file work.cif (mmCIF, C-alpha atoms)
data_data
loop_
_atom_site.group_PDB
_atom_site.id
_atom_site.type_symbol
_atom_site.label_atom_id
_atom_site.label_comp_id
_atom_site.auth_asym_id
_atom_site.auth_seq_id
_atom_site.Cartn_x
_atom_site.Cartn_y
_atom_site.Cartn_z
ATOM 1 C CA LEU A 1 52.972 -42.594 -63.338
ATOM 2 C CA ALA A 2 51.036 -40.742 -60.632
ATOM 3 C CA GLY A 3 54.047 -38.828 -59.345
ATOM 4 C CA LEU A 4 55.681 -38.085 -62.683
ATOM 5 C CA GLU A 5 55.692 -35.036 -64.911
ATOM 6 C CA GLY A 6 57.485 -34.481 -68.188
ATOM 7 C CA PRO A 7 58.530 -36.750 -71.037
ATOM 8 C CA ILE A 8 58.754 -40.532 -70.712
ATOM 9 C CA ASP A 9 60.781 -42.966 -72.782
ATOM 10 C CA LEU A 10 58.808 -46.216 -72.562
ATOM 11 C CA HIS A 11 61.140 -49.170 -73.239
ATOM 12 C CA ILE A 12 59.420 -52.471 -74.035
ATOM 13 C CA ASN A 13 60.686 -56.042 -74.066
ATOM 14 C CA SER A 14 57.640 -58.201 -73.380
ATOM 15 C CA GLY A 15 55.824 -61.240 -74.652
ATOM 16 C CA GLY A 16 52.526 -59.618 -73.682
ATOM 17 C CA GLY A 17 49.904 -60.775 -71.255
ATOM 18 C CA SER A 18 46.350 -60.025 -70.237
ATOM 19 C CA ILE A 19 44.310 -57.951 -72.677
ATOM 20 C CA PHE A 20 42.653 -56.124 -69.771
ATOM 21 C CA GLU A 21 45.975 -55.294 -68.115
ATOM 22 C CA GLY A 22 47.414 -54.265 -71.473
ATOM 23 C CA ALA A 23 44.460 -51.965 -72.081
ATOM 24 C CA ALA A 24 44.928 -50.358 -68.664
ATOM 25 C CA ILE A 25 48.638 -49.781 -69.344
ATOM 26 C CA TYR A 26 47.922 -48.434 -72.847
ATOM 27 C CA ASN A 27 45.293 -46.025 -71.487
ATOM 28 C CA ALA A 28 47.554 -44.867 -68.651
ATOM 29 C CA PHE A 29 50.286 -43.863 -71.106
ATOM 30 C CA VAL A 30 47.874 -42.278 -73.613
ATOM 31 C CA ASN A 31 46.301 -40.202 -70.840
ATOM 32 C CA TYR A 32 49.718 -39.280 -69.439
ATOM 33 C CA ASP A 33 50.767 -38.057 -72.896
ATOM 34 C CA LYS A 34 47.627 -35.915 -73.174
ATOM 35 C CA ASN A 35 48.008 -34.292 -69.770
ATOM 36 C CA ARG A 36 51.542 -34.364 -68.342
ATOM 37 C CA GLY A 37 54.216 -35.019 -70.945
ATOM 38 C CA GLU A 38 55.083 -36.758 -74.154
ATOM 39 C CA VAL A 39 55.472 -40.536 -74.195
ATOM 40 C CA HIS A 40 57.836 -42.107 -76.733
ATOM 41 C CA SER A 41 57.911 -45.896 -77.084
ATOM 42 C CA PHE A 42 60.990 -48.000 -77.811
ATOM 43 C CA ILE A 43 60.745 -51.694 -78.674
ATOM 44 C CA ASP A 44 64.073 -52.980 -77.398
ATOM 45 C CA GLY A 45 63.672 -56.723 -77.989
ATOM 46 C CA LEU A 46 60.083 -57.910 -78.287
ATOM 47 C CA ALA A 47 56.647 -56.352 -78.249
ATOM 48 C CA ALA A 48 54.280 -59.281 -78.664
ATOM 49 C CA SER A 49 50.574 -59.693 -78.098
ATOM 50 C CA ALA A 50 49.361 -57.086 -75.568
ATOM 51 C CA ALA A 51 52.800 -55.441 -75.530
ATOM 52 C CA SER A 52 52.410 -54.675 -79.251
ATOM 53 C CA PHE A 53 49.449 -52.386 -78.662
ATOM 54 C CA ILE A 54 50.920 -50.941 -75.456
ATOM 55 C CA ALA A 55 53.866 -49.769 -77.586
ATOM 56 C CA LEU A 56 51.431 -47.811 -79.745
ATOM 57 C CA ALA A 57 50.547 -45.582 -76.785
ATOM 58 C CA GLY A 58 53.689 -43.621 -77.561
ATOM 59 C CA ARG A 59 53.556 -40.434 -79.572
ATOM 60 C CA SER A 60 56.383 -42.014 -81.543
ATOM 61 C CA VAL A 61 57.382 -45.667 -81.747
ATOM 62 C CA THR A 62 60.965 -46.782 -82.418
ATOM 63 C CA GLN A 63 61.746 -50.453 -82.967
ATOM 64 C CA GLU A 64 65.372 -51.477 -82.673
ATOM 65 C CA ALA A 65 66.815 -53.037 -85.809
ATOM 66 C CA THR A 66 67.166 -56.380 -84.031
ATOM 67 C CA ALA A 67 63.773 -56.313 -82.285
ATOM 68 C CA SER A 68 60.479 -58.000 -83.201
ATOM 69 C CA MET A 69 56.789 -57.210 -82.924
ATOM 70 C CA MET A 70 53.975 -59.764 -83.001
ATOM 71 C CA VAL A 71 50.233 -59.275 -83.297
ATOM 72 C CA HIS A 72 47.448 -61.828 -83.068
ATOM 73 C CA ASP A 73 43.795 -62.228 -82.200
ATOM 74 C CA GLY A 74 42.849 -62.159 -78.539
ATOM 75 C CA GLN A 75 43.312 -65.479 -76.801
ATOM 76 C CA GLY A 76 41.937 -66.966 -73.639
ATOM 77 C CA GLY A 77 40.689 -70.081 -71.992
ATOM 78 C CA ALA A 78 37.297 -70.987 -70.696
ATOM 79 C CA VAL A 79 35.669 -73.663 -68.637
ATOM 80 C CA GLY A 80 31.943 -74.055 -68.302
ATOM 81 C CA THR A 81 28.778 -74.717 -70.187
ATOM 82 C CA ALA A 82 28.378 -74.310 -73.937
ATOM 83 C CA ASP A 83 26.678 -70.962 -73.326
ATOM 84 C CA MET A 84 29.581 -69.798 -71.154
ATOM 85 C CA LEU A 85 32.062 -70.790 -73.868
ATOM 86 C CA ARG A 86 30.052 -68.862 -76.494
ATOM 87 C CA ASP A 87 30.048 -65.839 -74.171
ATOM 88 C CA THR A 88 33.845 -66.112 -73.883
ATOM 89 C CA ALA A 89 34.191 -66.268 -77.678
ATOM 90 C CA ASP A 90 32.007 -63.148 -77.992
ATOM 91 C CA LEU A 91 34.148 -61.366 -75.394
ATOM 92 C CA LEU A 92 37.349 -62.286 -77.246
ATOM 93 C CA ASP A 93 35.857 -60.943 -80.490
ATOM 94 C CA MET A 94 34.935 -57.676 -78.767
ATOM 95 C CA LEU A 95 38.390 -57.289 -77.219
ATOM 96 C CA SER A 96 40.133 -58.177 -80.497
ATOM 97 C CA ASN A 97 38.060 -55.543 -82.315
ATOM 98 C CA THR A 98 39.201 -52.960 -79.775
ATOM 99 C CA ILE A 99 42.847 -53.930 -80.297
ATOM 100 C CA ALA A 100 42.402 -53.829 -84.082
ATOM 101 C CA ALA A 101 41.111 -50.253 -83.727
ATOM 102 C CA ILE A 102 44.346 -49.312 -81.892
ATOM 103 C CA TYR A 103 46.438 -50.732 -84.742
ATOM 104 C CA ALA A 104 44.268 -48.917 -87.305
ATOM 105 C CA ARG A 105 44.578 -45.617 -85.439
ATOM 106 C CA LYS A 106 48.378 -45.856 -85.566
ATOM 107 C CA ALA A 107 48.986 -47.537 -88.919
ATOM 108 C CA GLY A 108 45.944 -46.580 -90.945
ATOM 109 C CA GLY A 109 43.537 -48.923 -92.618
ATOM 110 C CA THR A 110 40.396 -50.101 -90.909
ATOM 111 C CA ALA A 111 39.871 -52.108 -87.761
ATOM 112 C CA GLU A 112 38.361 -54.811 -89.957
ATOM 113 C CA GLU A 113 41.551 -55.008 -92.049
ATOM 114 C CA TRP A 114 43.697 -55.251 -88.931
ATOM 115 C CA ARG A 115 41.392 -57.888 -87.501
ATOM 116 C CA GLU A 116 42.078 -59.995 -90.608
ATOM 117 C CA VAL A 117 45.817 -59.683 -89.948
ATOM 118 C CA MET A 118 45.240 -60.687 -86.341
ATOM 119 C CA GLN A 119 43.097 -63.677 -87.305
ATOM 120 C CA ASP A 120 45.885 -64.987 -89.540
ATOM 121 C CA GLY A 121 47.578 -66.383 -86.433
ATOM 122 C CA ASP A 122 50.756 -64.936 -84.993
ATOM 123 C CA THR A 123 51.957 -62.236 -87.410
ATOM 124 C CA TRP A 124 55.594 -61.344 -86.789
ATOM 125 C CA TYR A 125 57.209 -58.058 -87.827
ATOM 126 C CA THR A 126 60.880 -57.308 -88.153
ATOM 127 C CA ALA A 127 61.685 -53.631 -87.733
ATOM 128 C CA SER A 128 61.529 -53.027 -91.486
ATOM 129 C CA ALA A 129 58.235 -54.946 -91.796
ATOM 130 C CA ALA A 130 56.765 -52.964 -88.887
ATOM 131 C CA MET A 131 57.891 -49.766 -90.617
ATOM 132 C CA ASP A 132 56.283 -50.898 -93.886
ATOM 133 C CA ALA A 133 53.060 -51.674 -91.991
ATOM 134 C CA LYS A 134 53.267 -48.190 -90.377
ATOM 135 C CA LEU A 135 53.173 -49.663 -86.882
ATOM 136 C CA ILE A 136 56.389 -47.832 -86.003
ATOM 137 C CA ASP A 137 57.851 -44.452 -86.895
ATOM 138 C CA LYS A 138 61.556 -45.194 -86.760
ATOM 139 C CA ILE A 139 64.031 -48.064 -86.801
ATOM 140 C CA GLY A 140 66.698 -47.821 -84.127
ATOM 141 C CA ASN A 141 70.191 -49.208 -84.337
ATOM 142 C CA ALA A 142 70.873 -51.521 -81.422
ATOM 143 C CA ALA A 143 73.312 -53.761 -83.267
ATOM 144 C CA PRO A 144 76.759 -53.321 -81.710
ATOM 145 C CA THR A 145 79.542 -52.413 -84.091
ATOM 146 C CA PRO A 146 83.255 -52.606 -83.262
ATOM 147 C CA ASP A 147 85.201 -49.380 -83.097
ATOM 148 C CA ASP A 148 87.580 -49.707 -86.033
ATOM 149 C CA ASP A 149 89.809 -46.926 -84.694
ATOM 150 C CA ASP A 150 90.397 -48.635 -81.344
ATOM 151 C CA PRO A 151 93.199 -51.231 -81.536
ATOM 152 C CA ASP A 152 91.967 -52.888 -78.319
ATOM 153 C CA THR A 153 88.673 -53.954 -79.888
ATOM 154 C CA ASP A 154 88.205 -56.738 -82.344
ATOM 155 C CA GLY A 155 84.450 -56.877 -82.633
ATOM 156 C CA ALA A 156 82.024 -59.121 -80.818
ATOM 157 C CA SER A 157 84.699 -61.251 -79.185
ATOM 158 C CA ASN A 158 85.441 -58.385 -76.776
ATOM 159 C CA LEU A 159 81.830 -57.722 -75.823
ATOM 160 C CA LEU A 160 81.764 -60.333 -73.042
ATOM 161 C CA ASP A 161 84.881 -61.309 -71.127
ATOM 162 C CA LEU A 162 84.137 -64.662 -69.482
ATOM 163 C CA ASN A 163 87.335 -64.385 -67.424
ATOM 164 C CA LEU A 164 85.256 -62.360 -64.984
ATOM 165 C CA PHE A 165 83.771 -65.692 -63.847
ATOM 166 C CA ALA A 166 87.050 -67.612 -63.544
ATOM 167 C CA PRO A 167 88.060 -68.690 -60.016
ATOM 168 C CA ASP A 168 90.899 -66.735 -58.425
#
call {"tool": "encode", "arguments": {"input": "work.cif", "output": "structure tokens"}}
result
Amino acid sequence: LAGLEGPIDLHINSGGGSIFEGAAIYNAFVNYDKNRGEVHSFIDGLAASAASFIALAGRSVTQEATASMMVHDGQGGAVGTADMLRDTADLLDMLSNTIAAIYARKAGGTAEEWREVMQDGDTWYTASAAMDAKLIDKIGNAAPTPDDDDPDTDGASNLLDLNLFAPD
């Protein structure tokens, strides 16, 4: 982002990852939007876990009709003494509260209400469910449709010609 100026279309298809990395990416896009150009997010296939809150860095969020979003409580692993494991649990609670505040800022409600959704396990959203939850602003239309006016197309069967891979 350092060398860019102007609007960005942020396309996401990710199962997520590290909360810390996700937070850094989220903050980079939020700060870019404030200072150098608008950021608009597009969920093309999947925005799960950390990717779900990264998507919310966009000024607008569009989820394709065939895409999914998933939110859940922060997860991690720990090895060590009982005190170290309690410290890890406290850290996960703190990080999950921060994520819940991001959802609340976009969708409304309180961080506490979003934390309850997150603690329910993996909560999956179709595009229409994400729209109902106010996590997104628009549903895209990625589903291919055949061109009825073109006699050379007959729908999905023409979308991939496997003859390209046949030996000569």
call {"tool": "atom_distance", "arguments": {"input": "work.cif", "atom1": "atom CA of Tyr103 of chain A", "atom2": "atom CA of Leu135 of chain A"}}
result
7.1 Å
call {"tool": "residues_around", "arguments": {"input": "work.cif", "residues": "Ala89 of chain A", "least_positions_apart": "5", "cutoff": "12 Å", "atoms": "all atoms listed in the file", "output": "compact mmCIF listing (two decimals) with C-alpha atoms, keeping the file's coordinate frame"}}
result
# COMPACT_ATOMS: atom_id res chain seq x y z
CA ASP A 73 43.80 -62.23 -82.20
CA GLY A 74 42.85 -62.16 -78.54
CA GLN A 75 43.31 -65.48 -76.80
CA GLY A 76 41.94 -66.97 -73.64
CA GLY A 77 40.69 -70.08 -71.99
CA ALA A 78 37.30 -70.99 -70.70
CA VAL A 79 35.67 -73.66 -68.64
CA ALA A 82 28.38 -74.31 -73.94
CA ASP A 83 26.68 -70.96 -73.33
CA MET A 84 29.58 -69.80 -71.15
CA MET A 94 34.94 -57.68 -78.77
CA LEU A 95 38.39 -57.29 -77.22
CA SER A 96 40.13 -58.18 -80.50
call {"tool": "atom_distance", "arguments": {"input": "work.cif", "atom1": "atom CA of Met70 of chain A", "atom2": "atom CA of Ala107 of chain A"}}
result
14.5 Å
call {"tool": "residues_around", "arguments": {"input": "work.cif", "residues": "segment 35-46 of chain A", "least_positions_apart": "3", "cutoff": "6 Å", "atoms": "all atoms listed in the file", "output": "VMD selection string"}}
result
chain A and resid 5 to 14 32 55 58 to 64 67 to 69
call {"tool": "atom_distance", "arguments": {"input": "work.cif", "atom1": "atom CA of Val71 of chain A", "atom2": "atom CA of Ser49 of chain A"}}
result
5.2 Å
call {"tool": "closest_residue", "arguments": {"input": "work.cif", "among": "A:Ile136, A:Ile99, A:Ala130, A:Ala48", "to": "Gly16 of chain A", "atoms": "all atoms listed in the file"}}
result
A:Ala48
call {"tool": "resolve_selection", "arguments": {"input": "work.cif", "expression": "the PyMOL selection byres ((chain A and resi 27) around 12)", "output": "PDB file with C-alpha atoms, in the frame of the given file"}}
result
ATOM      1  CA  LEU A   1      52.972 -42.594 -63.338  1.00  0.00           C
ATOM      2  CA  PHE A  20      42.653 -56.124 -69.771  1.00  0.00           C
ATOM      3  CA  GLU A  21      45.975 -55.294 -68.115  1.00  0.00           C
ATOM      4  CA  GLY A  22      47.414 -54.265 -71.473  1.00  0.00           C
ATOM      5  CA  ALA A  23      44.460 -51.965 -72.081  1.00  0.00           C
ATOM      6  CA  ALA A  24      44.928 -50.358 -68.664  1.00  0.00           C
ATOM      7  CA  ILE A  25      48.638 -49.781 -69.344  1.00  0.00           C
ATOM      8  CA  TYR A  26      47.922 -48.434 -72.847  1.00  0.00           C
ATOM      9  CA  ALA A  28      47.554 -44.867 -68.651  1.00  0.00           C
ATOM     10  CA  PHE A  29      50.286 -43.863 -71.106  1.00  0.00           C
ATOM     11  CA  VAL A  30      47.874 -42.278 -73.613  1.00  0.00           C
ATOM     12  CA  ASN A  31      46.301 -40.202 -70.840  1.00  0.00           C
ATOM     13  CA  TYR A  32      49.718 -39.280 -69.439  1.00  0.00           C
ATOM     14  CA  ASP A  33      50.767 -38.057 -72.896  1.00  0.00           C
ATOM     15  CA  LYS A  34      47.627 -35.915 -73.174  1.00  0.00           C
ATOM     16  CA  VAL A  39      55.472 -40.536 -74.195  1.00  0.00           C
ATOM     17  CA  PHE A  53      49.449 -52.386 -78.662  1.00  0.00           C
ATOM     18  CA  ILE A  54      50.920 -50.941 -75.456  1.00  0.00           C
ATOM     19  CA  ALA A  55      53.866 -49.769 -77.586  1.00  0.00           C
ATOM     20  CA  LEU A  56      51.431 -47.811 -79.745  1.00  0.00           C
ATOM     21  CA  ALA A  57      50.547 -45.582 -76.785  1.00  0.00           C
ATOM     22  CA  GLY A  58      53.689 -43.621 -77.561  1.00  0.00           C
ATOM     23  CA  ILE A 102      44.346 -49.312 -81.892  1.00  0.00           C
TER      24      ILE A 102
END
call {"tool": "resolve_selection", "arguments": {"input": "work.cif", "expression": "the PyMOL selection byres ((chain A and resi 118) around 9)", "output": "ChimeraX atom specification"}}
result
/A:71-74,96,100,113-117,119-123
